[in-house]
2 protein chains.
Amino acid sequence: MNRRDFGGLVAGTAVAGIAGTGIAADEKAVVQVSEDQLPVMHTGRRPEIAMLIYPGLTIMDMLGPHTALAPACNVHLVWKNSRLLKSDTGVVLQPSMSLADCPKELDAIFVGGGPGQLEVMKDAEVLRFMADRGSRAKWVTSVCTGSLILGAAGLLKGYKATSHWAAHEALAMFGATPVAARVVTDRNRVTGGGVTAGIDFGLTLLASMLSEDIAKLSQLGMEYDPAPPFDAGSPKKAGEKITKMALDWMAPVMAKMVPACAAAAAEMNRYAPKP
Amino acid sequence: MNRRDFGGLVAGTAVAGIAGTGIAADEKAVVQVSEDQLPVMHTGRRPEIAMLIYPGLTIMDMLGPHTALAPACNVHLVWKNSRLLKSDTGVVLQPSMSLADCPKELDAIFVGGGPGQLEVMKDAEVLRFMADRGSRAKWVTSVCTGSLILGAAGLLKGYKATSHWAAHEALAMFGATPVAARVVTDRNRVTGGGVTAGIDFGLTLLASMLSEDIAKLSQLGMEYDPAPPFDAGSPKKAGEKITKMALDWMAPVMAKMVPACAAAAAEMNRYAPKP
């Protein structure tokens, strides 16, 4: 039986599980054989990375770094269970590993932001997980308002960090120093700016973990030679009118974000790793 | 019962289906209420967009445009059925609508590329679907090697188009004229370059469908102010050594792509919409 035939068989029958993840796959799952996957880019030791995902995550916060890193690293999408969850824009995806099964020693722990983080920032189980893995991981990382989740887990106290432009100042509540930059590295904390900054963040982290050549290879593979049709990627460049529109658009989420951060900041020392 | 309570109830019990999609959701699915979703950006008429997804798609090809478009458009992820499918980098996601349920009249039909397109390019059911919706959609679109799927459905004959840099020349097999650009618009065909070009493509399409202000708003929301840490996003910029590494890395897929395109090109007139 060749790999293609095996793929067909898997697609037509019950699937026992997703290999190596420790969670049961849905019976209807089509688990694709490697023939449908991207070839492996890097055959040396592959860094182990856990990305926390959750209902209402901004999926692009995760997928930018995932696309940069996955061809050369083992990337796990971790959550409490294997239930399907829906992203900010409605994409339905499945975690690949439970929090309990996540390796204790990681090369990197990562979290992105999203409307759903309001729940995550008050979830003791998740914050304990982040604090535990974050206390041991070689790199403690985020994109967008994911940095506020790191903050809630007590992982940014005394560190420089960044976030989405609209949530920048909230970092200070967690004892972090907000820095306006696309990617901020302070010792082993690496944080990226809003949403699409995750691509720049992912390439930066890949270079730190493996090599500049591997990072450039990933960049060329995903043809990351950006040419935005408009120059409106920051409030300054977008101008007053568009920035006002953006603040109005995001208002329902942001109105809840500030009190949620204040409440989380009051609790962060419960989770913060002991120095 | 407020919306939050309803969300909790949905998460804890069987879910009848994904609203408005016509497909049954998995019993274990956590269908999130709108509180966890991104607020709506645009309250006027929302363009209807169908994005074809399939096992082994390059998920970033789809998610770049999805992130740009979804806050202002109704975007459906369409496939033959609602089974979970695995992307090129291992992300497991679920289609939101079947091909049969997909609206006949679309503002845009879209397809991205990926290792799994080798199967798609010889799948009569899918190619008939693409040709049918493509013959009527206001915009016929792709990112990366998704343009070769448009080609296989007979939708690019006589059009200028682009693709991933490594697959550029294959467009000619389908009667298209390859153009080396990030986004190529020829009448109602809009094609993007490799993978991350989908963000530039998505913003371009959004401006064409709605307005430049809406596109700028989307750009600011996702903080698309790119600052790649390296300048290696095209073969010319990456240089000979990295380009050679990239070609070696992609070789297992590309070795099958050229004969697959030749076979698909020989059949494309079976699908091509009648002028």
# chains A, B, ... in the order shown; residues from 1 in each chain; ligands from 1

call {"tool": "residues_around", "arguments": {"residues": "Glu105 of chain A", "least_positions_apart": "4", "cutoff": "10 Å", "atoms": "only C-alpha atoms", "output": "list of chain:residue names"}}
result
A:Glu48, A:Ile49, A:Ile109, A:Asp132, A:Arg133, A:Gly134, A:Ser135, A:Arg136, A:Ala137, A:Lys138

call {"tool": "write_last_selection", "arguments": {"atoms": "all heavy atoms", "output": "short mmCIF file (atom, residue, chain, number, x, y, z; two decimals), in the first residue's frame"}}
result
data_model
loop_
_atom_site.label_atom_id
_atom_site.label_comp_id
_atom_site.auth_asym_id
_atom_site.auth_seq_id
_atom_site.Cartn_x
_atom_site.Cartn_y
_atom_site.Cartn_z
N GLU A 48 10.73 22.88 19.28
CA GLU A 48 9.37 22.56 19.72
C GLU A 48 8.67 23.85 20.14
O GLU A 48 9.13 24.55 21.05
CB GLU A 48 9.40 21.62 20.94
CG GLU A 48 9.89 20.22 20.66
CD GLU A 48 8.87 19.37 19.91
OE1 GLU A 48 7.66 19.54 20.15
OE2 GLU A 48 9.31 18.55 19.07
N ILE A 49 7.57 24.15 19.49
CA ILE A 49 6.86 25.40 19.75
C ILE A 49 5.40 25.10 20.07
O ILE A 49 4.75 24.33 19.36
CB ILE A 49 6.92 26.33 18.52
CG1 ILE A 49 8.38 26.63 18.16
CG2 ILE A 49 6.15 27.63 18.78
CD1 ILE A 49 8.56 27.40 16.88
N ILE A 109 7.11 29.32 23.66
CA ILE A 109 5.67 29.39 23.92
C ILE A 109 5.18 30.67 23.27
O ILE A 109 5.85 31.70 23.31
CB ILE A 109 5.36 29.34 25.44
CG1 ILE A 109 3.86 29.46 25.72
CG2 ILE A 109 6.09 30.45 26.22
CD1 ILE A 109 3.14 28.15 25.65
N ASP A 132 3.61 28.48 33.66
CA ASP A 132 4.48 27.31 33.83
C ASP A 132 5.41 27.12 32.62
O ASP A 132 6.62 27.04 32.76
CB ASP A 132 3.64 26.05 34.03
CG ASP A 132 4.51 24.81 34.09
OD1 ASP A 132 5.21 24.63 35.11
OD2 ASP A 132 4.54 24.03 33.11
N ARG A 133 4.81 27.06 31.42
CA ARG A 133 5.64 26.84 30.23
C ARG A 133 6.54 28.05 29.99
O ARG A 133 7.68 27.92 29.57
CB ARG A 133 4.77 26.57 29.00
CG ARG A 133 3.92 25.30 29.07
CD ARG A 133 4.73 24.05 29.39
NE ARG A 133 3.93 22.84 29.21
CZ ARG A 133 3.14 22.32 30.16
NH1 ARG A 133 3.02 22.88 31.35
NH2 ARG A 133 2.46 21.21 29.92
N GLY A 134 6.00 29.24 30.28
CA GLY A 134 6.78 30.46 30.08
C GLY A 134 7.98 30.56 31.01
O GLY A 134 9.00 31.17 30.68
N SER A 135 7.87 29.93 32.19
CA SER A 135 8.99 30.00 33.15
C SER A 135 10.16 29.15 32.68
O SER A 135 11.28 29.30 33.17
CB SER A 135 8.53 29.52 34.53
OG SER A 135 8.28 28.12 34.51
N ARG A 136 9.90 28.22 31.74
CA ARG A 136 10.95 27.28 31.32
C ARG A 136 11.33 27.38 29.85
O ARG A 136 12.37 26.88 29.45
CB ARG A 136 10.48 25.86 31.60
CG ARG A 136 10.21 25.65 33.07
CD ARG A 136 9.98 24.23 33.33
NE ARG A 136 8.56 23.92 33.35
CZ ARG A 136 8.09 22.77 33.81
NH1 ARG A 136 8.90 21.85 34.23
NH2 ARG A 136 6.80 22.56 33.84
N ALA A 137 10.45 27.97 29.03
CA ALA A 137 10.72 28.01 27.58
C ALA A 137 11.93 28.87 27.27
O ALA A 137 12.22 29.83 27.99
CB ALA A 137 9.50 28.56 26.85
N LYS A 138 12.63 28.51 26.21
CA LYS A 138 13.77 29.34 25.80
C LYS A 138 13.29 30.72 25.35
O LYS A 138 13.95 31.71 25.59
CB LYS A 138 14.53 28.66 24.66
CG LYS A 138 15.33 27.45 25.14
CD LYS A 138 16.17 26.85 24.00
CE LYS A 138 16.64 25.45 24.39
NZ LYS A 138 16.74 24.55 23.24
#

call {"tool": "residues_around", "arguments": {"residues": "Lys160 of chain A", "least_positions_apart": "3", "cutoff": "10 Å", "atoms": "only C-alpha atoms", "output": "VMD selection string"}}
result
chain A and resid 156 to 157 171 to 172 175 to 180 184 to 187 189 to 191

call {"tool": "atom_distance", "arguments": {"atom1": "atom CA of Gly114 of chain B", "atom2": "atom CA of Lys86 of chain B"}}
result
11.3 Å

call {"tool": "residues_around", "arguments": {"residues": "segment 115-125 of chain B", "least_positions_apart": "5", "cutoff": "9 Å", "atoms": "only C-alpha atoms", "output": "ChimeraX atom specification"}}
result
/A:35-39 /B:54-58,80,87-88,130,145-146,148-149,152-153,253-254,256-257,260-261,263-264,267,271

call {"tool": "select_by_dssp", "arguments": {"residues": "segment 86-197 of chain A", "states": "helix (DSSP H, G or I)", "output": "PyMOL selection string"}}
result
chain A and resi 117-120+124-136+146-152+165-174+197

call {"tool": "closest_residue", "arguments": {"among": "B:Asp61, B:Asp101, B:Asp107, B:Glu169", "to": "chain A", "atoms": "only C-alpha atoms"}}
result
B:Asp61

call {"tool": "atom_distance", "arguments": {"atom1": "atom CA of Lys241 of chain A", "atom2": "atom CA of Leu217 of chain B"}}
result
9.6 Å

call {"tool": "atom_distance", "arguments": {"atom1": "atom CA of Gly194 of chain A", "atom2": "atom CA of Met268 of chain A"}}
result
23.0 Å

call {"tool": "select_by_dssp", "arguments": {"residues": "segment 40-266 of chain A", "states": "strand (DSSP E or B)", "output": "PyMOL selection string"}}
result
chain A and resi 48-52+74-79+85-86+92-94+97-98+108-111+139-143+160-161+177-178+183-186+189-192

call {"tool": "write_last_selection", "arguments": {"atoms": "C-alpha atoms", "output": "mmCIF file, in the first residue's frame"}}
result
data_model
loop_
_atom_site.group_PDB
_atom_site.id
_atom_site.type_symbol
_atom_site.label_atom_id
_atom_site.label_comp_id
_atom_site.auth_asym_id
_atom_site.auth_seq_id
_atom_site.Cartn_x
_atom_site.Cartn_y
_atom_site.Cartn_z
ATOM 1 C CA GLU A 48 9.367 22.563 19.723
ATOM 2 C CA ILE A 49 6.858 25.401 19.752
ATOM 3 C CA ALA A 50 3.455 25.575 21.448
ATOM 4 C CA MET A 51 0.982 28.165 20.206
ATOM 5 C CA LEU A 52 -1.996 28.746 22.490
ATOM 6 C CA ASN A 74 7.343 21.259 15.356
ATOM 7 C CA VAL A 75 4.463 23.622 16.034
ATOM 8 C CA HIS A 76 1.584 22.534 18.271
ATOM 9 C CA LEU A 77 -1.723 24.389 18.449
ATOM 10 C CA VAL A 78 -2.649 23.909 22.092
ATOM 11 C CA TRP A 79 -5.918 24.394 23.926
ATOM 12 C CA LEU A 85 -13.191 26.543 17.793
ATOM 13 C CA LYS A 86 -14.076 29.597 15.779
ATOM 14 C CA VAL A 92 -13.275 27.011 12.316
ATOM 15 C CA LEU A 93 -10.136 25.166 13.353
ATOM 16 C CA GLN A 94 -9.062 22.340 15.631
ATOM 17 C CA MET A 97 -2.718 19.112 21.370
ATOM 18 C CA SER A 98 -4.193 19.575 24.832
ATOM 19 C CA ALA A 108 9.067 28.727 22.422
ATOM 20 C CA ILE A 109 5.670 29.389 23.924
ATOM 21 C CA PHE A 110 3.493 31.704 21.840
ATOM 22 C CA VAL A 111 0.118 33.404 22.096
ATOM 23 C CA TRP A 139 11.598 32.026 24.194
ATOM 24 C CA VAL A 140 8.410 33.593 25.574
ATOM 25 C CA THR A 141 6.533 35.203 22.724
ATOM 26 C CA SER A 142 3.376 36.862 21.429
ATOM 27 C CA VAL A 143 1.858 38.805 18.567
ATOM 28 C CA LYS A 160 9.999 45.830 27.135
ATOM 29 C CA ALA A 161 7.206 44.634 24.870
ATOM 30 C CA THR A 177 7.430 48.974 29.155
ATOM 31 C CA PRO A 178 5.530 49.531 25.887
ATOM 32 C CA VAL A 183 9.089 43.318 16.833
ATOM 33 C CA VAL A 184 10.551 43.886 20.311
ATOM 34 C CA THR A 185 13.174 41.558 21.806
ATOM 35 C CA ASP A 186 14.104 41.936 25.493
ATOM 36 C CA ARG A 189 10.830 37.849 25.446
ATOM 37 C CA VAL A 190 9.966 38.474 21.782
ATOM 38 C CA THR A 191 6.716 40.310 21.095
ATOM 39 C CA GLY A 192 5.263 41.422 17.767
#
